[in-house]
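Here's the structure, in structure tokens; my notes come after.
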Number of protein chains: 2
Amino acid sequence: MTARKPADAAAGTQAGGREIPEATVARLPEYLRALTSLAEQGISVCSSEELAGAVNVNSAKLRKDLSYLGSYGTRGVGYDVDYLRYQIAREIGLTQDWPVAIVGIGNLGHALANYSGFGTRGFRVAALLDAAPERCEESVGGIPVRSFDDLDAVLAETPVAIGVIATPAGAAQGVADRLVGAGITSILNFAPTNLVVPAGVSVRKVDLSVELQILAYHEQRRAGAEELRGAAIAAAGEEQSA
Amino acid sequence: MTARKPADAAAGTQAGGREIPEATVARLPEYLRALTSLAEQGISVCSSEELAGAVNVNSAKLRKDLSYLGSYGTRGVGYDVDYLRYQIAREIGLTQDWPVAIVGIGNLGHALANYSGFGTRGFRVAALLDAAPERCEESVGGIPVRSFDDLDAVLAETPVAIGVIATPAGAAQGVADRLVGAGITSILNFAPTNLVVPAGVSVRKVDLSVELQILAYHEQRRAGAEELRGAAIAAAGEEQSA
DNA sequence: TAGATTGTTAATCGATTAACAATC
DNA sequence: TAGATTGTTAATCGATTAACAATC
């Protein structure tokens, strides 16, 4: 499908294809979701304006983002929903299978293992690991919980592409070290610690407490602004009466 | 403590204090965590270099970030850990109480309700809501699960500053509308939907599937690069033999 | 051909970082 | 005073966006 253009091969980009900016990469999954939703509604063609509206971004930004992947629209017409969807999925790598291992089967790990969104797109829970599997239920969603000590044995049986860390903060770095040691190069970290990993390993962090703090900052700011407006009105009143 | 300097009051910033860039706001919680960790280790003074190292950022960036808050370091010496910690906490708004309501007490909502990181810092689970509370356990961590239909009654009893949406995607927008209608202006959304909210309402989104897709992209890219390197070596070999 | 919409250019904006004067 | 380190400046980099030529 869609043979790589000679121009791309000749371009002075790094090995592996065109450079896609990080900000764009982070938006591709959003576009994909919106396209899937459009397809479900039976819509087969959409303009950049429509798709951008669904994702809440500027249409120029959307077009620029898509231009990094190639030229998959038709001027004067728009984008074929299914075709664009396939191209984005291919670019992200969702046309292949991504087995995931979850480490730490506490409340969160349990929730993640049951998360239905996991199943969609190439992602698949392939292994569940815990330091003390005897404390967990024996299996979650049909996947047995194995001891983290048996990591190498488990990975020998079941290849894993992405490790998800759902342990307490104190255990996270040790788990990351062992995952990296076992050859895993993509980690999603739910523990509130900054993992240190060698170059060539990707880590993404999801941190509830950071998100709440960012919300708190803005909330406080709004409250403060109200107070100040009140104070300004009061001060204006004082000036009047002075 | 630390009276607002006249210069600040006179500065042409918007109501509510100095403008802090979004990128900086997102890092303040990280600095706070690192400072707490230093304090626990009994360290009372640190340089920007040391603190930056702990958070894995450039020390110039750290100093610039802190400069938005004020001038809390000592040239030639560094930062007083406790003092800086207090100043950042105050700036974020963590010196006050932030009651949180969690909506959707499924696997994820359950995990969030039990999340210990919640308790630390002013955050506190104040209410748990579910469309069908009879399907949930009666209470989680001592907080009863109430019907989302009773939202207004619950909020009348217990003030809530931040709403956390942990419902399925399909229900999220409706829940957001009702939260906003009830006067909540900060929402943390775990459902994979882009919420539409009026101006003046903050929404942060946590999306497992997006994070996994970003990891997949980079993982695929690394694999592709390896292949290309292999191909290049093979091609070079062919040229040799040709 | 006329209308619509992409893909791209160039201007703008915001974030990062090196360098250093200020100052403890 | 000499050494250390902050706070700030200015250069650089990357991301956003308006505008429009290309083209269906």
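Labels used: A, B, ... for chains in the order of the structure tokens, numbers from 1 for residues in each chain, and numbers from 1 for ligands as shown.
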
Exercise answer, chain C residues close to chain B, 12 Å and only C-alpha atoms (C1' of nucleotides), as a ChimeraX atom specification: /C:14-19,22-24

Tell me, counting only C-alpha atoms, for each residue of chain A within 7 Å of chain B, which pair of atoms is nearest and how far apart they are in Å to one decimal, in rows ordered by chain and increasing number, as a tab-separated table.
```
residue	atom	partner	partner_atom	distance
A:Ala15	CA	B:Ala225	CA	5.1
A:Gly16	CA	B:Ala225	CA	4.2
A:Val25	CA	B:Ile214	CA	6.6
A:Ala26	CA	B:Ile214	CA	6.3
A:Pro29	CA	B:Val210	CA	5.7
A:Val55	CA	B:Asn194	CA	6.9
A:Ile92	CA	B:Tyr217	CA	4.4
A:Gly93	CA	B:Tyr217	CA	5.7
A:Asn107	CA	B:Ala111	CA	4.7
A:Leu108	CA	B:Ala111	CA	5.1
A:Ala111	CA	B:Asn107	CA	4.7
A:Gly117	CA	B:Ser209	CA	6.6
A:Phe118	CA	B:Ser209	CA	6.7
A:Ser186	CA	B:Leu215	CA	6.1
A:Asn194	CA	B:Val55	CA	6.9
A:Ser202	CA	B:Leu215	CA	6.8
A:Arg204	CA	B:Glu211	CA	6.8
A:Ser209	CA	B:Gly117	CA	6.6
A:Val210	CA	B:Pro29	CA	5.7
A:Glu211	CA	B:Arg204	CA	6.8
A:Gln213	CA	B:Ile92	CA	6.6
A:Ile214	CA	B:Ala26	CA	6.2
A:Leu215	CA	B:Ser186	CA	6.1
A:Ala216	CA	B:Gly93	CA	6.2
A:Tyr217	CA	B:Ile92	CA	4.4
A:Glu219	CA	B:Ser186	CA	6.7
A:Gln220	CA	B:Gly93	CA	6.0
A:Arg221	CA	B:Gly16	CA	5.8
A:Gly224	CA	B:Gly16	CA	5.1
A:Ala225	CA	B:Gly16	CA	4.3
A:Leu228	CA	B:Ala15	CA	6.3
```

For atom CA of B:Ala52 and atom CA of B:Tyr79, the interatomic separation in Å (one decimal):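 Result for atom CA of B:Ala52 versus atom CA of B:Tyr79: 11.9 Å, one decimal.
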
Secondary structure check, strand (DSSP E) residues of stretch 26-179 of chain B, as a VMD selection string: chain B and resid 45 to 46 73 to 74 78 to 80 98 to 103 123 to 130 139 to 140 143 to 147 162 to 165

Separation of atom CA of B:Gly53 from atom CA of B:Leu69, in Å and rounded to one decimal: 20.1 Å

All helix (DSSP H, G or I) residues (DSSP, backbone) inside stretch 118-181 of chain A, as a PyMOL selection string: chain A and resi 118-119+133-135+148-157+169-181

Atom-to-atom span, atom CA of A:Ala182 and atom CA of A:Pro133, Å: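 Taking atom CA of A:Ala182 and atom CA of A:Pro133, their separation equals 19.7 Å.
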
Test item: residues at most 8 Å from stretch 143-155 of chain B, only C-alpha atoms (C1' of nucleotides), excluding those fewer than 4 positions along its chain, as a ChimeraX atom specification: /B:103,105,125-133,136-139,159-160,182

Given the selection you just returned, output its residues as a file containing C-alpha atoms, formatted as a short mmCIF file (atom, residue, chain, number, x, y, z; two decimals), in the first residue's frame.
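So out.cif came out as:
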```cif
data_model
loop_
_atom_site.label_atom_id
_atom_site.label_comp_id
_atom_site.auth_asym_id
_atom_site.auth_seq_id
_atom_site.Cartn_x
_atom_site.Cartn_y
_atom_site.Cartn_z
CA VAL B 103 -17.97 10.58 39.22
CA ILE B 105 -17.18 4.43 40.56
CA VAL B 125 -11.98 12.98 48.23
CA ALA B 126 -15.18 14.67 49.38
CA ALA B 127 -17.82 12.83 47.37
CA LEU B 128 -18.28 9.75 45.21
CA LEU B 129 -21.04 9.69 42.62
CA ASP B 130 -22.33 7.06 40.25
CA ALA B 131 -25.29 6.80 37.91
CA ALA B 132 -26.20 3.48 39.54
CA PRO B 133 -24.82 3.58 43.10
CA CYS B 136 -21.22 -0.08 43.47
CA GLU B 137 -20.07 -0.96 46.93
CA GLU B 138 -21.90 1.23 49.38
CA SER B 139 -18.81 3.20 50.30
CA PRO B 159 -18.66 21.80 48.72
CA VAL B 160 -16.53 20.47 45.86
CA ALA B 182 -23.73 22.94 39.39
#
```
